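Shown below: structure03.tsv, with TSV, C-alpha atoms.
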chain	number	residue	atom	x	y	z
A	1	MET	CA	-3.28	23.26	-33.40
A	2	ARG	CA	-2.86	23.38	-29.60
A	3	GLU	CA	-6.42	22.10	-29.12
A	4	ARG	CA	-5.69	19.24	-31.52
A	5	ILE	CA	-2.56	18.27	-29.58
A	6	LEU	CA	-4.43	18.43	-26.26
A	7	ASP	CA	-7.17	16.26	-27.77
A	8	ILE	CA	-4.64	13.62	-28.86
A	9	TYR	CA	-3.10	13.43	-25.38
A	10	SER	CA	-6.32	13.76	-23.39
A	11	PHE	CA	-7.21	11.11	-20.84
A	12	VAL	CA	-10.54	10.44	-22.56
A	13	ARG	CA	-8.79	9.20	-25.72
A	14	ARG	CA	-6.63	6.85	-23.67
A	15	HIS	CA	-9.47	5.48	-21.57
A	16	ILE	CA	-10.23	1.86	-22.37
A	17	GLY	CA	-13.98	1.67	-22.63
A	18	SER	CA	-16.75	0.49	-24.91
A	19	ASN	CA	-16.81	2.06	-28.36
A	20	GLU	CA	-20.07	3.09	-30.03
A	21	GLU	CA	-20.41	-0.19	-31.92
A	22	GLU	CA	-20.02	-2.22	-28.72
A	23	VAL	CA	-22.54	0.00	-26.92
A	24	GLN	CA	-25.12	-0.53	-29.66
A	25	ALA	CA	-24.52	-4.30	-29.68
A	26	THR	CA	-25.03	-4.39	-25.90
A	27	LEU	CA	-28.23	-2.35	-26.13
A	28	ARG	CA	-29.62	-4.66	-28.83
A	29	GLU	CA	-28.78	-7.70	-26.69
A	30	VAL	CA	-30.62	-6.36	-23.61
A	31	GLY	CA	-33.48	-4.90	-25.61
A	32	PHE	CA	-33.10	-1.12	-25.31
A	33	ASP	CA	-32.96	1.57	-27.97
A	34	ASN	CA	-30.43	3.82	-26.21
A	35	LEU	CA	-28.41	4.25	-23.02
A	36	ALA	CA	-30.91	6.68	-21.50
A	37	ALA	CA	-33.66	4.04	-21.73
A	38	LEU	CA	-31.36	1.43	-20.18
A	39	ILE	CA	-30.50	3.78	-17.30
A	40	ASP	CA	-34.19	4.64	-16.77
A	41	ALA	CA	-34.96	0.94	-16.45
A	42	THR	CA	-32.10	0.04	-14.13
A	43	VAL	CA	-31.30	3.01	-11.86
A	44	PRO	CA	-34.04	3.90	-9.33
A	45	LYS	CA	-35.40	7.42	-9.79
A	46	ASP	CA	-35.14	8.27	-6.08
A	47	ILE	CA	-31.33	8.10	-6.17
A	48	ARG	CA	-30.89	10.08	-9.39
A	49	LEU	CA	-30.42	13.83	-9.75
A	50	THR	CA	-33.02	15.68	-11.79
A	51	ARG	CA	-30.60	18.47	-12.65
A	52	HIS	CA	-27.28	18.69	-14.45
A	53	LEU	CA	-24.17	18.79	-12.29
A	54	ASP	CA	-22.61	22.24	-12.06
A	55	LEU	CA	-19.09	21.14	-12.95
A	56	PRO	CA	-16.22	23.28	-14.21
A	57	GLU	CA	-14.77	22.72	-17.66
A	58	ALA	CA	-12.57	19.63	-17.84
A	59	LYS	CA	-8.82	20.11	-17.50
A	60	SER	CA	-6.11	18.33	-19.43
A	61	GLU	CA	-4.05	15.75	-17.56
A	62	GLY	CA	-1.13	18.18	-17.30
A	63	GLU	CA	-3.34	20.95	-15.93
A	64	ALA	CA	-4.93	18.59	-13.40
A	65	LEU	CA	-1.51	17.37	-12.21
A	66	ALA	CA	-0.27	20.96	-11.86
A	67	GLU	CA	-3.32	21.87	-9.77
A	68	LEU	CA	-2.89	18.79	-7.56
A	69	ARG	CA	0.80	19.64	-7.05
A	70	ALA	CA	-0.13	23.20	-6.03
A	71	ILE	CA	-2.61	21.83	-3.48
A	72	ALA	CA	-0.05	19.31	-2.17
A	73	HIS	CA	2.54	22.07	-1.69
A	74	GLN	CA	0.18	23.69	0.85
A	75	ASN	CA	0.72	20.72	3.20
A	76	LYS	CA	2.75	21.52	6.30
A	77	ILE	CA	5.21	18.91	7.55
A	78	ALA	CA	4.71	18.68	11.30
A	79	ARG	CA	6.24	16.56	14.04
A	80	SER	CA	4.16	13.46	14.78
A	81	PHE	CA	2.97	12.92	18.35
A	82	VAL	CA	0.88	9.86	17.54
A	83	GLY	CA	2.02	7.85	20.60
A	84	VAL	CA	4.15	5.00	21.84
A	85	GLY	CA	5.09	2.23	19.46
A	86	TYR	CA	4.91	4.33	16.30
A	87	TYR	CA	8.21	5.45	14.84
A	88	ASP	CA	9.29	7.65	11.99
A	89	CYS	CA	11.58	5.46	9.93
A	90	ILE	CA	13.46	5.32	6.65
A	91	THR	CA	11.98	2.85	4.18
A	92	PRO	CA	14.59	1.53	1.71
A	93	PRO	CA	13.61	2.62	-1.83
A	94	VAL	CA	13.69	-0.98	-3.08
A	95	ILE	CA	11.03	-1.93	-0.49
A	96	GLN	CA	8.98	1.21	-1.12
A	97	ARG	CA	8.91	0.72	-4.90
A	98	ASN	CA	8.59	-3.06	-5.11
A	99	ILE	CA	6.22	-3.62	-2.20
A	100	PHE	CA	4.33	-0.48	-1.13
A	101	GLU	CA	4.14	1.16	-4.58
A	102	ASN	CA	3.96	-1.99	-6.70
A	103	PRO	CA	0.62	-1.80	-8.55
A	104	GLY	CA	0.64	-5.59	-8.77
A	105	TRP	CA	-0.50	-5.65	-5.13
A	106	TYR	CA	-3.55	-3.43	-5.58
A	107	THR	CA	-4.72	-3.25	-9.19
A	108	ALA	CA	-7.66	-5.30	-10.37
A	109	TYR	CA	-7.15	-8.40	-12.46
A	110	THR	CA	-10.89	-8.87	-12.72
A	111	PRO	CA	-13.10	-6.08	-14.08
A	112	TYR	CA	-15.58	-6.20	-11.20
A	113	GLN	CA	-13.38	-6.35	-8.14
A	114	ALA	CA	-10.45	-4.35	-6.77
A	115	GLU	CA	-7.84	-6.87	-5.67
A	116	ILE	CA	-6.03	-4.99	-2.90
A	117	ALA	CA	-7.15	-7.64	-0.41
A	118	GLN	CA	-5.69	-10.48	-2.48
A	119	GLY	CA	-2.52	-8.49	-3.18
A	120	ARG	CA	-2.09	-7.74	0.51
A	121	LEU	CA	-2.67	-11.39	1.32
A	122	GLU	CA	-0.04	-12.44	-1.22
A	123	ALA	CA	2.46	-9.98	0.30
A	124	LEU	CA	1.80	-11.40	3.79
A	125	LEU	CA	2.15	-14.98	2.55
A	126	ASN	CA	5.45	-14.14	0.86
A	127	PHE	CA	6.70	-12.51	4.07
A	128	GLN	CA	5.65	-15.53	6.14
A	129	GLN	CA	7.45	-17.88	3.77
A	130	MET	CA	10.59	-15.74	3.95
A	131	ILE	CA	10.52	-15.92	7.77
A	132	ILE	CA	10.06	-19.72	7.61
A	133	ASP	CA	13.06	-19.98	5.25
A	134	LEU	CA	15.23	-17.69	7.42
A	135	THR	CA	14.40	-19.31	10.76
A	136	ALA	CA	13.87	-22.93	9.66
A	137	LEU	CA	10.60	-22.94	11.63
A	138	ASP	CA	7.67	-25.07	10.51
A	139	ILE	CA	5.28	-22.13	10.61
A	140	ALA	CA	5.35	-18.33	10.81
A	141	ASN	CA	2.72	-15.64	11.22
A	142	ALA	CA	2.78	-12.23	9.55
A	143	SER	CA	1.41	-9.15	11.24
A	144	LEU	CA	-2.04	-8.31	9.93
A	145	LEU	CA	-1.97	-4.63	10.77
A	146	ASP	CA	0.45	-3.54	13.48
A	147	GLU	CA	2.51	-4.68	16.44
A	148	ALA	CA	-0.51	-5.11	18.73
A	149	THR	CA	-2.44	-7.21	16.20
A	150	ALA	CA	0.66	-9.29	15.50
A	151	ALA	CA	1.07	-10.02	19.22
A	152	ALA	CA	-2.59	-11.05	19.53
A	153	GLU	CA	-2.26	-13.32	16.47
A	154	ALA	CA	0.89	-14.89	17.96
A	155	MET	CA	-1.02	-15.61	21.17
A	156	ALA	CA	-3.91	-17.17	19.23
A	157	LEU	CA	-1.44	-19.28	17.25
A	158	CYS	CA	0.23	-20.53	20.47
A	159	HIS	CA	-3.20	-21.37	21.90
A	160	ALA	CA	-4.21	-23.23	18.72
A	161	VAL	CA	-1.03	-25.34	18.85
A	162	VAL	CA	-1.36	-26.16	22.59
A	163	PRO	CA	-5.07	-25.57	23.43
A	164	ASN	CA	-4.89	-27.07	26.95
A	165	ARG	CA	-2.64	-24.19	28.09
A	166	THR	CA	-4.83	-21.24	28.98
A	167	THR	CA	-2.30	-18.80	30.49
A	168	PHE	CA	-0.31	-16.44	28.31
A	169	PHE	CA	2.59	-14.35	29.64
A	170	VAL	CA	3.32	-10.85	28.30
A	171	ALA	CA	6.24	-8.70	29.40
A	172	ASP	CA	5.05	-5.68	31.35
A	173	ASN	CA	7.25	-3.30	29.32
A	174	CYS	CA	5.25	-3.92	26.13
A	175	HIS	CA	3.44	-0.93	24.72
A	176	PRO	CA	0.05	-0.34	26.43
A	177	GLN	CA	-1.92	-0.72	23.18
A	178	THR	CA	-0.19	-4.06	22.48
A	179	LEU	CA	-1.22	-5.37	25.90
A	180	ALA	CA	-4.76	-4.02	25.48
A	181	VAL	CA	-5.26	-5.79	22.13
A	182	VAL	CA	-3.80	-9.05	23.49
A	183	ARG	CA	-6.19	-8.93	26.47
A	184	THR	CA	-9.15	-8.15	24.21
A	185	ARG	CA	-8.33	-11.08	21.95
A	186	ALA	CA	-7.67	-13.39	24.92
A	187	LYS	CA	-11.08	-12.88	26.54
A	188	PRO	CA	-13.27	-14.80	24.04
A	189	LEU	CA	-10.60	-17.53	23.75
A	190	GLY	CA	-10.66	-18.10	27.52
A	191	ILE	CA	-6.99	-17.20	27.93
A	192	ASP	CA	-5.72	-15.65	31.16
A	193	VAL	CA	-3.10	-12.99	30.36
A	194	LYS	CA	-0.36	-12.56	33.00
A	195	THR	CA	2.13	-9.67	32.90
A	196	GLY	CA	5.42	-9.18	34.68
A	197	ASP	CA	9.17	-8.79	34.34
A	198	TYR	CA	10.19	-10.99	31.43
A	199	SER	CA	13.53	-11.86	33.08
Can you give me the file's structure in the form of structure tokens?
Amino acid sequence: MRERILDIYSFVRRHIGSNEEEVQATLREVGFDNLAALIDATVPKDIRLTRHLDLPEAKSEGEALAELRAIAHQNKIARSFVGVGYYDCITPPVIQRNIFENPGWYTAYTPYQAEIAQGRLEALLNFQQMIIDLTALDIANASLLDEATAAAEAMALCHAVVPNRTTFFVADNCHPQTLAVVRTRAKPLGIDVKTGDYS
């Protein structure tokens, strides 16, 4: 009885894939008698194993989750010494759940392509629009990755708006990596970066 219950709730039963009838219809359409023949014709022999994988017996979903939890509990929480400009912070649960953990940003809506790039782009566009609405500016620019990249993008945006100005001022108390990225981005654009006391 236990095996029957495990079978009902197994991941394999809940996996959305081709059933046997659909597999046979596909094979007929492409002109093969079975899947092995199709694989032989499409997957190069030099990248295929000639032996069976030595894998342990499959676990149920519950067993797999329990094992993963046991592994995760071995992690040690340590103080971060990553460097200047990186801060430990509290993320409000509403932001964490609806932005960072929202599968709408990173699940595929096409079967051949993971859409994390499009989801990330949509999140950035929404953020930019919110900043435009809050500040009443005509345009806003969202950080692509981090503070340093955001600063470099801001400089490029300023240069694009007023291309005849080729000097860009950066306060000398900015984080070193921010200044380094700005200078790197400025070089191919022909921008001279000046630093000093912002006051």
>> If we count all atoms listed in the file and set the cut-off at 12 Å, which residues sit around Gly196 of chain A, ignoring sequence neighbours fewer than 2 positions away in its own chain? Please answer as a PyMOL selection string.
In response: chain A and resi 168-174+179+193-194+198-199
> Within 10 Å of (-2.0, -13.4, 17.2), in the coordinates the file gives, what residues turn up when you count only C-alpha atoms, written out as a PyMOL selection string?
Replying inline: chain A and resi 141-144+147-159+181-182+185-186
> To one decimal place, how far is atom CA of Val30 of chain A from atom CA of Asp46 of chain A in Å?
Replying inline: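 Those two atoms sit 23.3 Å apart.
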> Suppose you want the space between atom CA of Glu57 of chain A and atom CA of Ile39 of chain A; what is it in Å?
Replying inline: 24.6 Å
>> Using Å and a single decimal, report how far atom CA of Thr195 of chain A sits from atom CA of Ala180 of chain A.
In response: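 These two atoms are separated by 11.6 Å.
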